[in-house]
file input_25.txt (compact mmCIF, C-alpha atoms (C1' of nucleotides))
# COMPACT_ATOMS: atom_id res chain seq x y z
CA MET Z 663 -34.46 -99.53 -17.20
CA THR Z 664 -34.24 -103.28 -17.24
CA TYR Z 665 -30.47 -103.38 -17.26
CA GLU Z 666 -28.15 -101.30 -15.15
CA ASN Z 667 -26.01 -98.71 -16.74
CA LEU Z 668 -22.82 -100.56 -15.98
CA ASP Z 669 -24.00 -103.51 -17.99
CA ALA Z 670 -24.69 -101.36 -21.03
CA LYS Z 671 -21.28 -99.71 -20.72
CA LEU Z 672 -19.70 -103.12 -20.38
CA VAL Z 673 -21.36 -104.38 -23.54
CA ASN Z 674 -20.32 -101.25 -25.41
CA ALA Z 675 -16.73 -101.57 -24.22
CA LEU Z 676 -16.65 -105.16 -25.41
CA LEU Z 677 -18.15 -104.16 -28.75
CA GLY Z 678 -15.07 -101.98 -29.05
CA ASP Z 679 -12.72 -104.83 -28.16
CA GLY Z 680 -14.13 -108.28 -27.58
CA ARG Z 681 -10.85 -109.58 -26.19
CA ALA Z 682 -10.27 -106.75 -23.74
CA SER Z 683 -9.06 -107.97 -20.36
CA LEU Z 684 -11.18 -107.65 -17.24
CA ARG Z 685 -8.56 -105.30 -15.85
CA SER Z 686 -8.64 -102.89 -18.78
CA LEU Z 687 -12.44 -102.97 -18.72
CA ALA Z 688 -12.40 -102.26 -15.00
CA GLU Z 689 -10.13 -99.28 -15.50
CA GLU Z 690 -12.19 -97.95 -18.40
CA LEU Z 691 -15.43 -98.16 -16.43
CA ASP Z 692 -13.83 -97.10 -13.14
CA VAL Z 693 -14.95 -100.11 -11.12
CA SER Z 694 -13.09 -103.06 -9.67
CA VAL Z 695 -12.01 -106.11 -11.60
CA THR Z 696 -14.33 -108.26 -9.50
CA THR Z 697 -17.34 -106.13 -10.39
CA VAL Z 698 -16.57 -106.45 -14.08
CA SER Z 699 -16.14 -110.19 -13.67
CA ASN Z 700 -19.45 -110.55 -11.82
CA HIS Z 701 -21.48 -108.44 -14.24
CA LEU Z 702 -19.93 -110.13 -17.24
CA SER Z 703 -20.81 -113.59 -15.92
CA ASP Z 704 -24.33 -112.38 -15.29
CA LEU Z 705 -24.66 -110.98 -18.80
CA GLU Z 706 -23.45 -114.27 -20.20
CA GLU Z 707 -25.81 -116.31 -18.02
CA GLU Z 708 -28.76 -114.11 -18.92
CA GLY Z 709 -27.95 -114.62 -22.57
CA VAL Z 710 -27.41 -110.94 -23.35
CA ILE Z 711 -23.90 -111.87 -24.41
CA GLN Z 712 -24.15 -115.18 -26.21
CA GLY Z 713 -20.47 -115.67 -26.86
CA TYR Z 714 -17.49 -114.09 -28.55
CA THR Z 715 -16.26 -114.35 -32.12
CA PRO Z 716 -13.53 -112.94 -34.29
CA ARG Z 717 -14.77 -110.76 -37.13
CA VAL Z 718 -13.61 -112.75 -40.13
CA ASP Z 719 -13.07 -110.96 -43.43
CA TYR Z 720 -14.43 -113.52 -45.86
CA ASP Z 721 -13.50 -111.31 -48.80
CA SER Z 722 -9.82 -111.79 -48.04
CA LEU Z 723 -10.40 -115.54 -47.93
CA GLY Z 724 -11.81 -115.66 -51.43
CA TYR Z 725 -15.50 -115.44 -50.68
CA ASP Z 726 -16.00 -112.60 -53.12
CA VAL Z 727 -19.70 -112.94 -53.81
CA THR Z 728 -22.47 -112.12 -51.37
CA ALA Z 729 -26.06 -112.68 -52.48
CA VAL Z 730 -29.49 -111.93 -51.09
CA ILE Z 731 -31.92 -114.68 -52.01
CA GLN Z 732 -35.67 -114.20 -51.68
CA LEU Z 733 -38.09 -117.11 -51.88
CA LYS Z 734 -41.82 -117.68 -52.13
CA VAL Z 735 -42.59 -120.97 -50.46
CA GLU Z 736 -45.56 -123.32 -50.29
CA GLY Z 737 -47.04 -122.44 -46.91
CA ASN Z 738 -46.64 -125.68 -44.97
CA ALA Z 739 -43.17 -126.33 -46.34
CA LEU Z 740 -41.66 -123.22 -44.76
CA PRO Z 741 -39.95 -125.02 -41.85
CA ASP Z 742 -38.39 -127.54 -44.21
CA ILE Z 743 -37.04 -124.82 -46.45
CA THR Z 744 -35.60 -122.69 -43.66
CA ASP Z 745 -34.05 -125.78 -42.08
CA SER Z 746 -32.42 -126.76 -45.32
CA LEU Z 747 -31.13 -123.22 -45.80
CA LYS Z 748 -29.79 -123.22 -42.25
CA GLU Z 749 -27.82 -126.36 -43.03
CA HIS Z 750 -26.06 -124.61 -45.86
CA ARG Z 751 -22.69 -123.67 -44.44
CA GLN Z 752 -22.43 -120.43 -46.34
CA MET Z 753 -25.75 -118.94 -45.30
CA ILE Z 754 -25.08 -115.97 -43.08
CA SER Z 755 -28.67 -115.05 -42.29
CA VAL Z 756 -32.00 -116.75 -42.93
CA TYR Z 757 -35.17 -114.82 -42.15
CA GLU Z 758 -38.84 -115.72 -42.38
CA VAL Z 759 -40.52 -112.46 -43.35
CA THR Z 760 -43.76 -110.72 -44.17
CA GLY Z 761 -44.27 -109.18 -47.59
CA ASP Z 762 -43.91 -110.28 -51.18
CA TYR Z 763 -41.56 -113.13 -50.34
CA ASP Z 764 -41.62 -115.61 -47.45
CA VAL Z 765 -37.91 -116.09 -46.90
CA ILE Z 766 -34.94 -113.77 -47.25
CA ALA Z 767 -31.49 -115.33 -46.97
CA VAL Z 768 -27.98 -113.91 -47.25
CA GLY Z 769 -25.15 -116.17 -48.39
CA LYS Z 770 -21.46 -115.92 -49.26
CA PHE Z 771 -19.79 -117.71 -52.15
CA LYS Z 772 -16.35 -118.03 -53.71
CA ASP Z 773 -17.56 -116.97 -57.16
CA THR Z 774 -20.71 -116.55 -59.22
CA ASP Z 775 -20.42 -120.11 -60.53
CA GLY Z 776 -20.37 -121.47 -57.00
CA MET Z 777 -23.29 -119.26 -56.17
CA ASN Z 778 -25.29 -120.38 -59.19
CA ASN Z 779 -24.67 -124.04 -58.42
CA GLN Z 780 -25.75 -123.69 -54.81
CA ILE Z 781 -28.83 -121.73 -55.72
CA LYS Z 782 -29.79 -124.13 -58.51
CA THR Z 783 -29.67 -127.11 -56.19
CA LEU Z 784 -31.70 -125.14 -53.70
CA LEU Z 785 -34.38 -124.35 -56.22
CA THR Z 786 -34.97 -127.95 -57.18
CA ASP Z 787 -37.31 -128.09 -54.18
CA PRO Z 788 -40.83 -128.15 -55.64
CA ASP Z 789 -42.14 -126.23 -52.61
CA ILE Z 790 -40.29 -123.13 -53.78
CA LYS Z 791 -42.73 -121.28 -55.97
CA GLU Z 792 -40.60 -118.34 -56.92
CA SER Z 793 -37.15 -116.97 -56.24
CA ASN Z 794 -35.24 -113.78 -56.72
CA THR Z 795 -31.51 -113.33 -56.25
CA SER Z 796 -29.72 -110.01 -55.77
CA VAL Z 797 -25.96 -109.99 -55.94
CA VAL Z 798 -24.23 -107.59 -53.56
CA LEU Z 799 -22.15 -105.01 -55.42
CA ASN Z 800 -20.95 -103.22 -52.31
CA ALA Z 801 -21.34 -104.09 -48.65
CA VAL Z 802 -21.54 -100.63 -47.10
CA THR Z 803 -22.17 -102.12 -43.66
CA GLU Z 804 -22.29 -105.79 -42.75
CA ASN Z 805 -23.28 -107.48 -39.48
CA GLU Z 806 -22.63 -104.30 -37.58
CA GLN Z 807 -23.54 -104.49 -33.90
CA PHE Z 808 -24.59 -101.12 -32.53
CA GLU Z 809 -23.80 -99.79 -29.08
CA LEU Z 810 -26.42 -99.64 -26.37
CA LEU Z 811 -27.79 -96.33 -25.17
CA ILE Z 812 -26.58 -95.05 -21.81
CA ASP Z 813 -29.01 -92.90 -19.88
CA ASP Z 814 -26.95 -90.80 -17.53
CA ASP Z 815 -28.52 -89.18 -14.50
CA MET N 1013 2.47 -129.00 -45.31
CA THR N 1014 1.81 -130.17 -41.77
CA TYR N 1015 0.83 -126.66 -40.83
CA GLU N 1016 -0.82 -125.73 -44.09
CA ASN N 1017 -4.18 -125.57 -42.42
CA LEU N 1018 -3.11 -124.11 -39.13
CA ASP N 1019 -4.49 -120.69 -39.98
CA ALA N 1020 -7.87 -122.10 -40.98
CA LYS N 1021 -7.96 -124.25 -37.85
CA LEU N 1022 -7.04 -121.25 -35.76
CA VAL N 1023 -9.87 -119.18 -37.22
CA ASN N 1024 -12.30 -122.04 -36.68
CA ALA N 1025 -11.20 -122.51 -33.09
CA LEU N 1026 -11.72 -118.81 -32.44
CA LEU N 1027 -15.13 -118.96 -34.10
CA GLY N 1028 -15.91 -121.50 -31.40
CA ASP N 1029 -14.59 -119.30 -28.60
CA GLY N 1030 -13.41 -115.81 -29.43
CA ARG N 1031 -11.91 -115.30 -25.99
CA ALA N 1032 -9.95 -118.55 -25.86
CA SER N 1033 -6.44 -118.15 -24.47
CA LEU N 1034 -3.40 -118.74 -26.65
CA ARG N 1035 -2.53 -121.68 -24.43
CA SER N 1036 -5.85 -123.43 -24.87
CA LEU N 1037 -5.66 -122.80 -28.61
CA ALA N 1038 -2.15 -124.21 -28.70
CA GLU N 1039 -3.27 -127.34 -26.89
CA GLU N 1040 -6.32 -127.75 -29.10
CA LEU N 1041 -4.28 -127.46 -32.29
CA ASP N 1042 -1.32 -129.37 -30.87
CA VAL N 1043 1.26 -126.68 -31.56
CA SER N 1044 3.25 -124.38 -29.30
CA VAL N 1045 1.96 -121.18 -27.77
CA THR N 1046 4.56 -119.24 -29.73
CA THR N 1047 3.27 -120.62 -33.01
CA VAL N 1048 -0.31 -119.71 -32.16
CA SER N 1049 0.79 -116.23 -31.17
CA ASN N 1050 2.75 -115.71 -34.38
CA HIS N 1051 0.01 -116.98 -36.68
CA LEU N 1052 -2.66 -115.03 -34.88
CA SER N 1053 -0.73 -111.78 -35.18
CA ASP N 1054 -0.25 -112.50 -38.86
CA LEU N 1055 -3.96 -113.14 -39.38
CA GLU N 1056 -4.78 -109.88 -37.63
CA GLU N 1057 -2.21 -107.92 -39.61
CA GLU N 1058 -3.39 -109.41 -42.89
CA GLY N 1059 -6.92 -108.36 -42.03
CA VAL N 1060 -8.34 -111.87 -42.12
CA ILE N 1061 -9.34 -111.34 -38.50
CA GLN N 1062 -10.52 -107.76 -38.22
CA GLY N 1063 -11.26 -107.75 -34.51
CA TYR N 1064 -13.32 -109.47 -31.87
CA THR N 1065 -16.83 -108.82 -30.66
CA PRO N 1066 -19.31 -110.28 -28.22
CA ARG N 1067 -22.42 -111.72 -29.83
CA VAL N 1068 -25.12 -109.49 -28.37
CA ASP N 1069 -28.70 -110.77 -28.19
CA TYR N 1070 -30.62 -107.64 -29.11
CA ASP N 1071 -33.91 -109.45 -28.61
CA SER N 1072 -33.24 -109.73 -24.89
CA LEU N 1073 -32.51 -106.00 -24.82
CA GLY N 1074 -35.90 -105.08 -26.23
CA TYR N 1075 -35.03 -104.79 -29.90
CA ASP N 1076 -37.86 -107.07 -30.92
CA VAL N 1077 -38.35 -106.00 -34.52
CA THR N 1078 -35.97 -106.74 -37.37
CA ALA N 1079 -36.82 -105.43 -40.82
CA VAL N 1080 -35.41 -105.84 -44.31
CA ILE N 1081 -35.79 -102.62 -46.28
CA GLN N 1082 -35.37 -102.53 -50.04
CA LEU N 1083 -35.01 -99.29 -51.96
CA LYS N 1084 -35.00 -98.09 -55.54
CA VAL N 1085 -32.77 -95.06 -55.72
CA GLU N 1086 -32.10 -92.30 -58.26
CA GLY N 1087 -28.84 -93.48 -59.82
CA ASN N 1088 -26.44 -90.72 -58.85
CA ALA N 1089 -27.82 -90.43 -55.33
CA LEU N 1090 -26.82 -93.95 -54.34
CA PRO N 1091 -23.74 -92.95 -52.30
CA ASP N 1092 -25.74 -90.36 -50.38
CA ILE N 1093 -28.45 -92.86 -49.54
CA THR N 1094 -26.10 -95.62 -48.43
CA ASP N 1095 -24.11 -93.13 -46.35
CA SER N 1096 -27.22 -91.92 -44.64
CA LEU N 1097 -28.31 -95.48 -43.95
CA LYS N 1098 -24.88 -96.27 -42.58
CA GLU N 1099 -25.23 -93.42 -40.13
CA HIS N 1100 -28.37 -94.94 -38.70
CA ARG N 1101 -27.28 -96.62 -35.51
CA GLN N 1102 -29.66 -99.51 -35.82
CA MET N 1103 -28.74 -100.57 -39.35
CA ILE N 1104 -27.07 -103.96 -39.17
CA SER N 1105 -26.27 -104.38 -42.84
CA VAL N 1106 -26.49 -102.11 -45.85
CA TYR N 1107 -25.89 -103.59 -49.31
CA GLU N 1108 -25.82 -102.10 -52.77
CA VAL N 1109 -27.23 -104.83 -54.98
CA THR N 1110 -28.19 -105.88 -58.48
CA GLY N 1111 -31.78 -106.71 -59.29
CA ASP N 1112 -35.16 -105.10 -58.81
CA TYR N 1113 -33.97 -102.85 -56.02
CA ASP N 1114 -30.72 -100.92 -55.62
CA VAL N 1115 -30.27 -101.13 -51.87
CA ILE N 1116 -31.10 -103.82 -49.32
CA ALA N 1117 -30.72 -102.89 -45.66
CA VAL N 1118 -31.38 -104.79 -42.44
CA GLY N 1119 -32.27 -102.86 -39.28
CA LYS N 1120 -33.31 -103.56 -35.70
CA PHE N 1121 -35.95 -101.63 -33.78
CA LYS N 1122 -37.58 -101.64 -30.36
CA ASP N 1123 -41.10 -101.90 -31.79
CA THR N 1124 -43.07 -101.43 -34.97
CA ASP N 1125 -43.79 -97.80 -34.11
CA GLY N 1126 -40.10 -97.08 -33.78
CA MET N 1127 -39.52 -98.89 -37.03
CA ASN N 1128 -42.23 -96.96 -38.86
CA ASN N 1129 -40.90 -93.64 -37.62
CA GLN N 1130 -37.36 -94.40 -38.70
CA ILE N 1131 -38.45 -95.67 -42.08
CA LYS N 1132 -40.76 -92.72 -42.68
CA THR N 1133 -38.00 -90.21 -42.03
CA LEU N 1134 -35.78 -92.21 -44.33
CA LEU N 1135 -38.28 -92.14 -47.15
CA THR N 1136 -38.61 -88.36 -47.16
CA ASP N 1137 -35.54 -88.37 -49.38
CA PRO N 1138 -36.78 -87.49 -52.89
CA ASP N 1139 -34.06 -89.65 -54.43
CA ILE N 1140 -35.79 -92.77 -53.13
CA LYS N 1141 -38.15 -93.80 -55.90
CA GLU N 1142 -39.65 -96.84 -54.30
CA SER N 1143 -39.34 -98.85 -51.11
CA ASN N 1144 -40.43 -102.20 -49.76
CA THR N 1145 -40.20 -103.30 -46.16
CA SER N 1146 -40.35 -106.89 -44.95
CA VAL N 1147 -40.68 -107.50 -41.23
CA VAL N 1148 -38.79 -110.51 -39.91
CA LEU N 1149 -41.12 -113.03 -38.32
CA ASN N 1150 -38.42 -115.48 -37.39
CA ALA N 1151 -34.65 -115.19 -37.56
CA VAL N 1152 -33.66 -118.77 -38.32
CA THR N 1153 -30.02 -117.79 -38.63
CA GLU N 1154 -28.50 -114.36 -38.13
CA ASN N 1155 -24.99 -113.09 -38.77
CA GLU N 1156 -23.66 -116.61 -38.63
CA GLN N 1157 -19.97 -116.89 -39.43
CA PHE N 1158 -19.17 -120.22 -41.02
CA GLU N 1159 -16.05 -122.25 -40.38
CA LEU N 1160 -13.32 -122.48 -42.96
CA LEU N 1161 -12.72 -125.69 -44.86
CA ILE N 1162 -9.75 -127.79 -43.83
CA ASP N 1163 -8.26 -129.83 -46.64
CA ASP N 1164 -6.68 -132.83 -45.01
CA ASP N 1165 -4.20 -134.95 -46.91
C1' DT Q 497 17.41 -120.72 -44.33
C1' DG Q 498 13.15 -120.12 -42.40
C1' DG Q 499 9.43 -122.03 -39.84
C1' DA Q 500 8.63 -124.31 -35.48
C1' DG Q 501 9.88 -125.39 -30.64
C1' DT Q 502 12.13 -124.60 -26.08
C1' DT Q 503 13.42 -122.04 -22.09
C1' DG Q 504 13.31 -118.45 -18.82
C1' DA Q 505 12.08 -113.94 -17.07
C1' DT Q 506 8.57 -110.48 -16.30
C1' DG Q 507 4.50 -108.26 -15.90
C1' DA Q 508 -0.41 -108.86 -16.79
C1' DC Q 509 -4.45 -111.70 -16.23
C1' DG Q 510 -8.62 -114.47 -14.27
C1' DT Q 511 -10.80 -116.15 -10.34
C1' DA Q 512 -11.85 -117.38 -5.57
C1' DC Q 513 -12.75 -115.55 -1.14
C1' DG Q 514 -13.77 -112.75 2.71
C1' DA Q 515 -14.42 -107.97 4.17
C1' DA Q 516 -16.75 -103.68 3.52
C1' DA Q 517 -20.28 -100.79 1.72
C1' DA Q 518 -24.69 -99.96 -0.16
C1' DT Q 519 -29.43 -101.19 -0.56
C1' DC Q 520 -33.66 -103.36 0.68
C1' DT Q 521 -37.23 -105.18 4.01
C1' DC Q 522 -40.54 -104.66 7.33
C1' DG Q 523 -42.23 -104.16 11.90
C1' DA Q 524 -42.28 -100.65 15.73
C1' DC Q 525 -42.96 -96.17 17.27
C1' DG Q 526 -44.11 -91.13 17.34
C1' DC B 217 -49.68 -91.81 8.34
C1' DG B 218 -44.95 -91.23 8.01
C1' DT B 219 -40.34 -92.55 9.17
C1' DC B 220 -36.87 -94.85 11.64
C1' DG B 221 -33.55 -98.38 12.06
C1' DA B 222 -31.90 -103.32 12.94
C1' DG B 223 -31.18 -107.15 10.30
C1' DA B 224 -30.96 -109.36 5.89
C1' DT B 225 -29.59 -109.17 1.24
C1' DT B 226 -27.08 -107.54 -2.59
C1' DT B 227 -23.27 -105.22 -4.55
C1' DT B 228 -18.70 -103.78 -4.61
C1' DC B 229 -14.05 -104.03 -3.37
C1' DG B 230 -9.02 -105.52 -2.20
C1' DT B 231 -5.98 -109.30 -1.77
C1' DA B 232 -3.76 -113.50 -2.99
C1' DC B 233 -2.54 -117.21 -5.89
C1' DG B 234 -1.93 -119.83 -9.88
C1' DT B 235 -2.09 -119.10 -14.82
C1' DC B 236 -1.24 -116.52 -18.97
C1' DA B 237 0.92 -113.49 -22.75
C1' DT B 238 4.97 -111.61 -24.44
C1' DC B 239 9.63 -111.12 -25.57
C1' DA B 240 14.29 -112.52 -26.39
C1' DA B 241 17.86 -115.75 -27.09
C1' DC B 242 18.78 -120.10 -28.63
C1' DT B 243 18.00 -124.90 -30.73
C1' DC B 244 16.18 -128.11 -34.07
C1' DC B 245 15.45 -129.82 -38.63
C1' DA B 246 13.71 -130.36 -43.28
call {"tool": "encode", "arguments": {"input": "input_25.txt", "output": "structure tokens"}}
result
Amino acid sequence: MTYENLDAKLVNALLGDGRASLRSLAEELDVSVTTVSNHLSDLEEEGVIQGYTPRVDYDSLGYDVTAVIQLKVEGNALPDITDSLKEHRQMISVYEVTGDYDVIAVGKFKDTDGMNNQIKTLLTDPDIKESNTSVVLNAVTENEQFELLIDDD
Amino acid sequence: MTYENLDAKLVNALLGDGRASLRSLAEELDVSVTTVSNHLSDLEEEGVIQGYTPRVDYDSLGYDVTAVIQLKVEGNALPDITDSLKEHRQMISVYEVTGDYDVIAVGKFKDTDGMNNQIKTLLTDPDIKESNTSVVLNAVTENEQFELLIDDD
DNA sequence: TGGAGTTGATGACGTACGAAAATCTCGACG
DNA sequence: CGTCGAGATTTTCGTACGTCATCAACTCCA
């Protein structure tokens, strides 16, 4: 076990409430506030916890369309393409992958017109050999972070 | 009008630091603590901010393999399939989509063996007509939450 | 009139610091 | 060869202090 049990419990507790106070965490895990503070700093320094964010509901802000875009790219142009995708504000995830396509990206848009425009400008790149866009009809689960396993003794 | 964009600014500030104190937010946005508190409560009640989470680096915890799984599903079995995917702890995102496939899911696994096992058990379902798995070679961007636009006058 | 700010009171919060407890290290001894 | 224990190291804890969140009552002003 690379990481102590307390650390896993701490991460799980924070996954439940990312703004929980050190005191409430300490009570929940039955250790002192100082211990929570120390372990939390360690987790942050080690990079296990890379920061904290609110979970924003983009739907309620008018970003009604989510799309999964798959691209076949000219081999040596891959870094350029992924970089350019990364620059696009509305790209949630950009993956280089094995399989039929080389890149899979997930983006959010205000409407299908906005989506089409963005995608069209993207596809002007001559290094993109083929593309395939799937529009999300229903996001059953999105960006879910799962809890860590605790092995009790 | 002066505070038209306060909510957007507040969300953006929290996207920068999800554990920022009301006081630091108030100073950053040049409004009173009370105002920040009120607007934040409103955003939470409206569901724009649905909660707060740490950003966990699953790579550093040994979840080295991310995969994008695409499925063609027997029409009326779609809810069953998405539900079952949702139950899988390690599924980050599960989308019902238009296009060649009916479902696109993203999952994280400790290794390729673990991934293969999980996927194999998944595919025993007779309602899954076809599947296609892409292994992520490089996560350029993952679960990024973009900042909201501020329209200045 | 309603959104924003101010003030003040109260209890909760984060962090620094030193003490206490637990754990590890490693040579000496039976 | 096994184990014992003093000293070193790490981990945990309690306390104290300055800051913070929250609430209520009241003011300001467009």
call {"tool": "atom_distance", "arguments": {"input": "input_25.txt", "atom1": "atom CA of Val698 of chain Z", "atom2": "atom C1' of DC513 of chain Q"}}
result
16.3 Å
call {"tool": "interface_residues", "arguments": {"input": "input_25.txt", "of": "chain Q", "to": "chain N", "cutoff": "12 Å", "atoms": "all atoms listed in the file", "output": "mmCIF file with C-alpha atoms (C1' of nucleotides), in the frame of the given file"}}
result
data_model
loop_
_atom_site.group_PDB
_atom_site.id
_atom_site.type_symbol
_atom_site.label_atom_id
_atom_site.label_comp_id
_atom_site.auth_asym_id
_atom_site.auth_seq_id
_atom_site.Cartn_x
_atom_site.Cartn_y
_atom_site.Cartn_z
ATOM 1 C "C1'" DG Q 499 9.430 -122.030 -39.840
ATOM 2 C "C1'" DA Q 500 8.630 -124.310 -35.480
ATOM 3 C "C1'" DG Q 501 9.880 -125.390 -30.640
ATOM 4 C "C1'" DT Q 502 12.130 -124.600 -26.080
ATOM 5 C "C1'" DC Q 509 -4.450 -111.700 -16.230
ATOM 6 C "C1'" DG Q 510 -8.620 -114.470 -14.270
#
call {"tool": "closest_atom_pairs", "arguments": {"input": "input_25.txt", "of": "chain B", "to": "chain N", "cutoff": "12 Å", "atoms": "all atoms listed in the file", "output": "Markdown table"}}
result
| residue | atom | partner | partner_atom | distance |
| --- | --- | --- | --- | --- |
| B:DT235 | C1' | N:Arg1035 | CA | 10.0 |
| B:DC236 | C1' | N:Arg1035 | CA | 7.6 |
| B:DA237 | C1' | N:Leu1034 | CA | 7.8 |
| B:DT238 | C1' | N:Ser1049 | CA | 9.2 |
| B:DC239 | C1' | N:Thr1046 | CA | 10.4 |
| B:DA246 | C1' | N:Met1013 | CA | 11.5 |
call {"tool": "calpha_fit_rmsd", "arguments": {"input": "input_25.txt", "fixed": "chain Z", "moving": "chain N"}}
result
1.6 Å
call {"tool": "interface_residues", "arguments": {"input": "input_25.txt", "of": "chain Z", "to": "chain N", "cutoff": "7 Å", "atoms": "only C-alpha atoms", "output": "MDAnalysis selection string"}}
result
chainID Z and resid 676:677 679:681 709:719 722 744 748 751:752 754:761 796:808
call {"tool": "closest_residue", "arguments": {"input": "input_25.txt", "among": "Z:Lys671, Z:Lys791, Z:Ile812, Z:Ser703", "to": "Gln732 of chain Z", "atoms": "only C-alpha atoms"}}
result
Z:Lys791
call {"tool": "closest_residue", "arguments": {"input": "input_25.txt", "among": "N:Asn1128, N:Phe1121, N:Asp1137, N:Asp1019", "to": "Tyr1075 of chain N", "atoms": "all atoms listed in the file"}}
result
N:Phe1121
call {"tool": "atom_distance", "arguments": {"input": "input_25.txt", "atom1": "atom CA of Glu792 of chain Z", "atom2": "atom CA of Ile731 of chain Z"}}
result
10.6 Å
call {"tool": "atom_distance", "arguments": {"input": "input_25.txt", "atom1": "atom C1' of DT226 of chain B", "atom2": "atom CA of Glu707 of chain Z"}}
result
17.8 Å
call {"tool": "closest_residue", "arguments": {"input": "input_25.txt", "among": "Q:DA508, Q:DC520, Q:DC525, Q:DT503", "to": "DA224 of chain B", "atoms": "only C-alpha atoms (C1' of nucleotides)"}}
result
Q:DC520
call {"tool": "residues_around", "arguments": {"input": "input_25.txt", "residues": "DT225 of chain B", "least_positions_apart": "6", "cutoff": "12 Å", "atoms": "only C-alpha atoms (C1' of nucleotides)", "output": "VMD selection string"}}
result
chain Q and resid 518 to 521
call {"tool": "write_last_selection", "arguments": {"input": "input_25.txt", "atoms": "C-alpha atoms (C1' of nucleotides)", "output": "PDB file, keeping the file's coordinate frame"}}
result
ATOM      1  C1'  DA Q 518     -24.690 -99.960  -0.160  1.00  0.00           C
ATOM      2  C1'  DT Q 519     -29.430-101.190  -0.560  1.00  0.00           C
ATOM      3  C1'  DC Q 520     -33.660-103.360   0.680  1.00  0.00           C
ATOM      4  C1'  DT Q 521     -37.230-105.180   4.010  1.00  0.00           C
TER       5       DT Q 521
END
call {"tool": "closest_residue", "arguments": {"input": "input_25.txt", "among": "N:Ser1036, N:Asn1088, N:Asn1050, N:Thr1124", "to": "Ile1140 of chain N", "atoms": "only C-alpha atoms"}}
result
N:Asn1088
